[in-house]
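File shown: my_file-v1.pdb. Contents: PDB, C-alpha atoms, pLDDT in the B column.
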```
MODEL        1
ATOM      1  CA  MET A   7      21.737  27.281 -34.117  1.00 54.00           C
ATOM      2  CA  ALA A   8      25.375  26.582 -34.988  1.00 56.00           C
ATOM      3  CA  LYS A   9      25.525  23.837 -32.338  1.00 54.00           C
ATOM      4  CA  PHE A  10      22.378  22.239 -33.798  1.00 46.00           C
ATOM      5  CA  ASN A  11      23.867  22.318 -37.324  1.00 50.00           C
ATOM      6  CA  SER A  12      27.080  20.815 -35.980  1.00 53.00           C
ATOM      7  CA  GLN A  13      25.154  17.995 -34.314  1.00 50.00           C
ATOM      8  CA  ILE A  14      23.159  17.323 -37.479  1.00 51.00           C
ATOM      9  CA  SER A  15      26.386  17.257 -39.507  1.00 48.00           C
ATOM     10  CA  MET A  16      27.958  14.826 -37.043  1.00 47.00           C
ATOM     11  CA  LEU A  17      24.885  12.600 -37.187  1.00 42.00           C
ATOM     12  CA  PHE A  18      25.074  12.459 -40.983  1.00 45.00           C
ATOM     13  CA  ILE A  19      28.774  11.604 -40.823  1.00 53.00           C
ATOM     14  CA  VAL A  20      28.105   8.799 -38.340  1.00 49.00           C
ATOM     15  CA  VAL A  21      25.216   7.458 -40.403  1.00 49.00           C
ATOM     16  CA  ALA A  22      27.377   7.570 -43.525  1.00 47.00           C
ATOM     17  CA  LEU A  23      30.174   5.671 -41.760  1.00 46.00           C
ATOM     18  CA  VAL A  24      27.796   3.025 -40.477  1.00 50.00           C
ATOM     19  CA  CYS A  25      26.115   2.643 -43.870  1.00 48.00           C
ATOM     20  CA  ALA A  26      29.440   2.529 -45.671  1.00 44.00           C
ATOM     21  CA  PHE A  27      31.280   0.068 -43.479  1.00 44.00           C
ATOM     22  CA  VAL A  28      28.855  -2.097 -41.535  1.00 47.00           C
ATOM     23  CA  PRO A  29      26.906  -3.728 -44.380  1.00 46.00           C
ATOM     24  CA  VAL A  30      30.062  -4.568 -46.315  1.00 42.00           C
ATOM     25  CA  TYR A  31      31.574  -6.488 -43.424  1.00 41.00           C
ATOM     26  CA  SER A  32      28.424  -7.784 -41.784  1.00 41.00           C
ATOM     27  CA  VAL A  33      27.656 -10.096 -44.709  1.00 38.00           C
ATOM     28  CA  ASP A  34      30.994 -11.880 -44.303  1.00 47.00           C
ATOM     29  CA  ASP A  35      30.643 -12.552 -40.600  1.00 60.00           C
ATOM     30  CA  ASN A  36      27.373 -14.392 -39.935  1.00 67.00           C
ATOM     31  CA  GLU A  37      27.759 -14.517 -36.153  1.00 64.00           C
ATOM     32  CA  ALA A  38      28.399 -10.788 -35.844  1.00 62.00           C
ATOM     33  CA  LYS A  39      25.523 -10.048 -38.225  1.00 67.00           C
ATOM     34  CA  SER A  40      23.229 -12.227 -36.133  1.00 72.00           C
ATOM     35  CA  SER A  41      24.222 -10.348 -32.962  1.00 69.00           C
ATOM     36  CA  TRP A  42      23.790  -7.063 -34.812  1.00 68.00           C
ATOM     37  CA  ASP A  43      20.295  -7.979 -36.009  1.00 74.00           C
ATOM     38  CA  THR A  44      19.216  -9.404 -32.641  1.00 78.00           C
ATOM     39  CA  CYS A  45      20.426  -6.437 -30.640  1.00 78.00           C
ATOM     40  CA  LEU A  46      19.118  -3.742 -32.959  1.00 75.00           C
ATOM     41  CA  VAL A  47      15.519  -4.893 -32.552  1.00 78.00           C
ATOM     42  CA  LYS A  48      15.777  -4.072 -28.845  1.00 78.00           C
ATOM     43  CA  ILE A  49      16.255  -0.346 -29.402  1.00 85.00           C
ATOM     44  CA  SER A  50      14.638   2.354 -31.531  1.00 87.00           C
ATOM     45  CA  PRO A  51      16.500   3.411 -34.671  1.00 87.00           C
ATOM     46  CA  LYS A  52      16.729   7.012 -33.418  1.00 90.00           C
ATOM     47  CA  CYS A  53      18.292   5.938 -30.134  1.00 91.00           C
ATOM     48  CA  ALA A  54      20.647   3.556 -31.928  1.00 88.00           C
ATOM     49  CA  LEU A  55      21.879   6.460 -34.061  1.00 90.00           C
ATOM     50  CA  ASP A  56      22.122   8.706 -30.997  1.00 92.00           C
ATOM     51  CA  ILE A  57      24.195   6.097 -29.148  1.00 92.00           C
ATOM     52  CA  ILE A  58      26.505   5.720 -32.133  1.00 91.00           C
ATOM     53  CA  ALA A  59      26.808   9.518 -32.388  1.00 93.00           C
ATOM     54  CA  VAL A  60      27.723   9.747 -28.689  1.00 94.00           C
ATOM     55  CA  VAL A  61      30.433   7.103 -28.933  1.00 94.00           C
ATOM     56  CA  PHE A  62      31.843   8.019 -32.343  1.00 92.00           C
ATOM     57  CA  GLY A  63      31.107  11.758 -32.218  1.00 92.00           C
ATOM     58  CA  ASN A  64      30.489  14.418 -29.638  1.00 89.00           C
ATOM     59  CA  VAL A  65      26.750  14.399 -28.955  1.00 90.00           C
ATOM     60  CA  THR A  66      24.800  14.095 -25.711  1.00 92.00           C
ATOM     61  CA  ILE A  67      22.175  11.420 -25.161  1.00 94.00           C
ATOM     62  CA  THR A  68      18.621  11.848 -23.905  1.00 94.00           C
ATOM     63  CA  ASP A  69      17.373  10.166 -20.754  1.00 95.00           C
ATOM     64  CA  SER A  70      14.848   8.145 -22.760  1.00 93.00           C
ATOM     65  CA  CYS A  71      17.598   6.762 -24.990  1.00 93.00           C
ATOM     66  CA  CYS A  72      19.592   5.921 -21.858  1.00 94.00           C
ATOM     67  CA  HIS A  73      16.656   3.851 -20.646  1.00 93.00           C
ATOM     68  CA  ASP A  74      16.497   2.096 -24.037  1.00 91.00           C
ATOM     69  CA  LEU A  75      20.224   1.433 -23.923  1.00 92.00           C
ATOM     70  CA  VAL A  76      20.045  -0.168 -20.474  1.00 94.00           C
ATOM     71  CA  GLN A  77      17.036  -2.236 -21.620  1.00 91.00           C
ATOM     72  CA  GLU A  78      19.091  -3.363 -24.622  1.00 89.00           C
ATOM     73  CA  GLY A  79      21.677  -4.776 -22.216  1.00 92.00           C
ATOM     74  CA  LYS A  80      25.409  -4.406 -21.755  1.00 92.00           C
ATOM     75  CA  VAL A  81      26.315  -7.410 -23.920  1.00 88.00           C
ATOM     76  CA  CYS A  82      24.404  -6.025 -26.905  1.00 87.00           C
ATOM     77  CA  HIS A  83      25.786  -2.533 -26.369  1.00 90.00           C
ATOM     78  CA  ASP A  84      29.376  -3.758 -26.121  1.00 89.00           C
ATOM     79  CA  THR A  85      28.970  -6.098 -29.094  1.00 84.00           C
ATOM     80  CA  LEU A  86      27.553  -3.413 -31.367  1.00 84.00           C
ATOM     81  CA  ILE A  87      30.093  -0.735 -30.432  1.00 89.00           C
ATOM     82  CA  LYS A  88      33.004  -3.157 -30.778  1.00 86.00           C
ATOM     83  CA  TYR A  89      31.626  -4.331 -34.105  1.00 82.00           C
ATOM     84  CA  ILE A  90      31.569  -0.777 -35.477  1.00 86.00           C
ATOM     85  CA  ALA A  91      34.883   0.220 -33.861  1.00 87.00           C
ATOM     86  CA  ASP A  92      36.611  -2.747 -35.536  1.00 85.00           C
ATOM     87  CA  ARG A  93      36.082  -1.265 -39.007  1.00 86.00           C
ATOM     88  CA  PRO A  94      39.376  -0.464 -40.745  1.00 89.00           C
ATOM     89  CA  ALA A  95      38.596   3.257 -40.909  1.00 90.00           C
ATOM     90  CA  LEU A  96      37.964   3.393 -37.153  1.00 89.00           C
ATOM     91  CA  ILE A  97      40.305   0.796 -35.639  1.00 86.00           C
ATOM     92  CA  ALA A  98      43.113   3.292 -34.965  1.00 91.00           C
ATOM     93  CA  ARG A  99      40.913   4.998 -32.343  1.00 91.00           C
ATOM     94  CA  GLU A 100      39.172   1.856 -31.085  1.00 89.00           C
ATOM     95  CA  SER A 101      40.392   2.231 -27.491  1.00 90.00           C
ATOM     96  CA  GLN A 102      39.024   5.795 -27.389  1.00 93.00           C
ATOM     97  CA  TYR A 103      35.643   4.597 -28.685  1.00 92.00           C
ATOM     98  CA  LEU A 104      35.506   1.709 -26.220  1.00 91.00           C
ATOM     99  CA  LYS A 105      36.229   4.102 -23.341  1.00 94.00           C
ATOM    100  CA  LYS A 106      33.466   6.452 -24.503  1.00 95.00           C
ATOM    101  CA  SER A 107      31.180   3.432 -24.785  1.00 94.00           C
ATOM    102  CA  GLY A 108      31.938   2.414 -21.186  1.00 95.00           C
ATOM    103  CA  ASP A 109      31.412   5.972 -19.971  1.00 96.00           C
ATOM    104  CA  LEU A 110      28.089   6.127 -21.810  1.00 96.00           C
ATOM    105  CA  TRP A 111      26.981   2.830 -20.282  1.00 96.00           C
ATOM    106  CA  ALA A 112      27.842   4.003 -16.740  1.00 97.00           C
ATOM    107  CA  HIS A 113      26.021   7.302 -17.323  1.00 96.00           C
ATOM    108  CA  CYS A 114      22.918   5.549 -18.643  1.00 96.00           C
ATOM    109  CA  VAL A 115      22.826   3.048 -15.772  1.00 96.00           C
ATOM    110  CA  THR A 116      22.925   5.981 -13.356  1.00 96.00           C
ATOM    111  CA  ILE A 117      20.109   7.725 -15.246  1.00 93.00           C
ATOM    112  CA  SER A 118      18.005   4.548 -15.308  1.00 91.00           C
ATOM    113  CA  LYS A 119      18.430   3.923 -11.583  1.00 90.00           C
ATOM    114  CA  SER A 120      17.387   7.463 -10.703  1.00 87.00           C
ATOM    115  CA  ALA A 121      14.147   7.300 -12.691  1.00 67.00           C
TER     116      ALA A 121
ENDMDL
END
```

Write the structure described by the file as structure tokens, please.
Amino acid sequence: MAKFNSQISMLFIVVALVCAFVPVYSVDDNEAKSSWDTCLVKISPKCALDIIAVVFGNVTITDSCCHDLVQEGKVCHDTLIKYIADRPALIARESQYLKKSGDLWAHCVTISKSA
């Protein structure tokens, strides 16, 4: 139960970070906002939050979200993660987040190929 509460807490923190930082900066950068909007329609909101929680937190991803991620495409995945990781509050650990993003992508490709 404690692990579940920890995961829920992490999810709320991630959602709060995304809500706090992404909209403020997305309005100023039309190209990034366009990529953001285009890519987000390719994946369910729950999986999008799960992917963000994996990269920016310490959560595991489901196989079904892995399939959604691979369907979304590497360019969209990289663009969205980089876009979030570039926020001033997160930039100090950007290389760590980008590595986790690459590891997640490789894991999900493996999962998708085995299905």

### Query
So which one's closest to Val47 of chain A, A:Gln77, A:Asn64, A:Ser70, A:Gln102? Using only C-alpha atoms, please.
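Of the candidates, the smallest distance to Val47 of chain A is held by A:Gln77.
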
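Here atom CA of Ala54 of chain A is placed at a distance of 22.7 Å from atom CA of Ala98 of chain A.
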
### Message
Around (21.0, -4.1, -19.3), as given in the file, which residues come within 12 Å? Count all atoms listed in the file and list them as a VMD selection string.
### Response
chain A and resid 45 48 to 49 72 to 84 111 to 112 114 to 116 118 to 119

### Query
Rounded to one decimal in Å, what is the spacing between atom CA of Cys53 of chain A and atom CA of Asp69 of chain A?
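These atoms are spaced 10.3 Å apart.
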
### Query
Please, which residues are within 12 Å of (21.7, 5.5, -32.2) by the file's coordinates, counting all atoms listed in the file, and could they come as a PyMOL selection string?
chain A and resi 17-18+20-21+24+46+48-63+65-68+70-72+74-75+78+83+86-87

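In this model, the gap between atom CA of Asp43 of chain A and atom CA of Ser107 of chain A comes to 19.4 Å.
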
Kindly add N, CA and C atoms to the incomplete segment 91-112 of chain A and provide the output as a compact mmCIF listing (two decimals), in the coordinates of the input.
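Result file follows (part-v7.txt):
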```txt
# COMPACT_ATOMS: atom_id res chain seq x y z
N ALA A 91 33.53 -0.29 -34.11
CA ALA A 91 34.88 0.22 -33.86
C ALA A 91 35.96 -0.62 -34.53
N ASP A 92 35.65 -1.86 -34.88
CA ASP A 92 36.61 -2.75 -35.54
C ASP A 92 36.77 -2.47 -37.03
N ARG A 93 35.97 -1.58 -37.58
CA ARG A 93 36.08 -1.26 -39.01
C ARG A 93 37.44 -0.66 -39.28
N PRO A 94 38.03 -0.96 -40.43
CA PRO A 94 39.38 -0.46 -40.74
C PRO A 94 39.52 1.05 -40.62
N ALA A 95 38.50 1.80 -40.99
CA ALA A 95 38.60 3.26 -40.91
C ALA A 95 38.55 3.78 -39.48
N LEU A 96 38.13 2.95 -38.54
CA LEU A 96 37.96 3.39 -37.15
C LEU A 96 38.92 2.71 -36.17
N ILE A 97 39.54 1.63 -36.58
CA ILE A 97 40.30 0.80 -35.64
C ILE A 97 41.44 1.55 -34.94
N ALA A 98 42.00 2.55 -35.58
CA ALA A 98 43.11 3.29 -34.97
C ALA A 98 42.69 3.99 -33.67
N ARG A 99 41.40 4.31 -33.54
CA ARG A 99 40.91 5.00 -32.34
C ARG A 99 39.98 4.10 -31.54
N GLU A 100 40.08 2.80 -31.74
CA GLU A 100 39.17 1.86 -31.08
C GLU A 100 39.18 2.00 -29.57
N SER A 101 40.34 2.13 -28.96
CA SER A 101 40.39 2.23 -27.49
C SER A 101 39.66 3.48 -27.00
N GLN A 102 39.75 4.57 -27.74
CA GLN A 102 39.02 5.80 -27.39
C GLN A 102 37.51 5.55 -27.47
N TYR A 103 37.07 4.88 -28.52
CA TYR A 103 35.64 4.60 -28.68
C TYR A 103 35.13 3.65 -27.60
N LEU A 104 35.93 2.66 -27.25
CA LEU A 104 35.51 1.71 -26.22
C LEU A 104 35.42 2.40 -24.86
N LYS A 105 36.32 3.34 -24.59
CA LYS A 105 36.23 4.10 -23.34
C LYS A 105 34.96 4.95 -23.33
N LYS A 106 34.68 5.64 -24.42
CA LYS A 106 33.47 6.45 -24.50
C LYS A 106 32.22 5.57 -24.35
N SER A 107 32.29 4.38 -24.90
CA SER A 107 31.18 3.43 -24.78
C SER A 107 30.95 3.04 -23.33
N GLY A 108 32.04 2.76 -22.61
CA GLY A 108 31.94 2.41 -21.19
C GLY A 108 31.42 3.57 -20.36
N ASP A 109 31.89 4.78 -20.67
CA ASP A 109 31.41 5.97 -19.97
C ASP A 109 29.92 6.19 -20.23
N LEU A 110 29.50 5.99 -21.47
CA LEU A 110 28.09 6.13 -21.81
C LEU A 110 27.25 5.11 -21.05
N TRP A 111 27.73 3.87 -21.00
CA TRP A 111 26.98 2.83 -20.28
C TRP A 111 26.81 3.21 -18.80
N ALA A 112 27.90 3.63 -18.16
CA ALA A 112 27.84 4.00 -16.74
C ALA A 112 26.88 5.17 -16.53
```
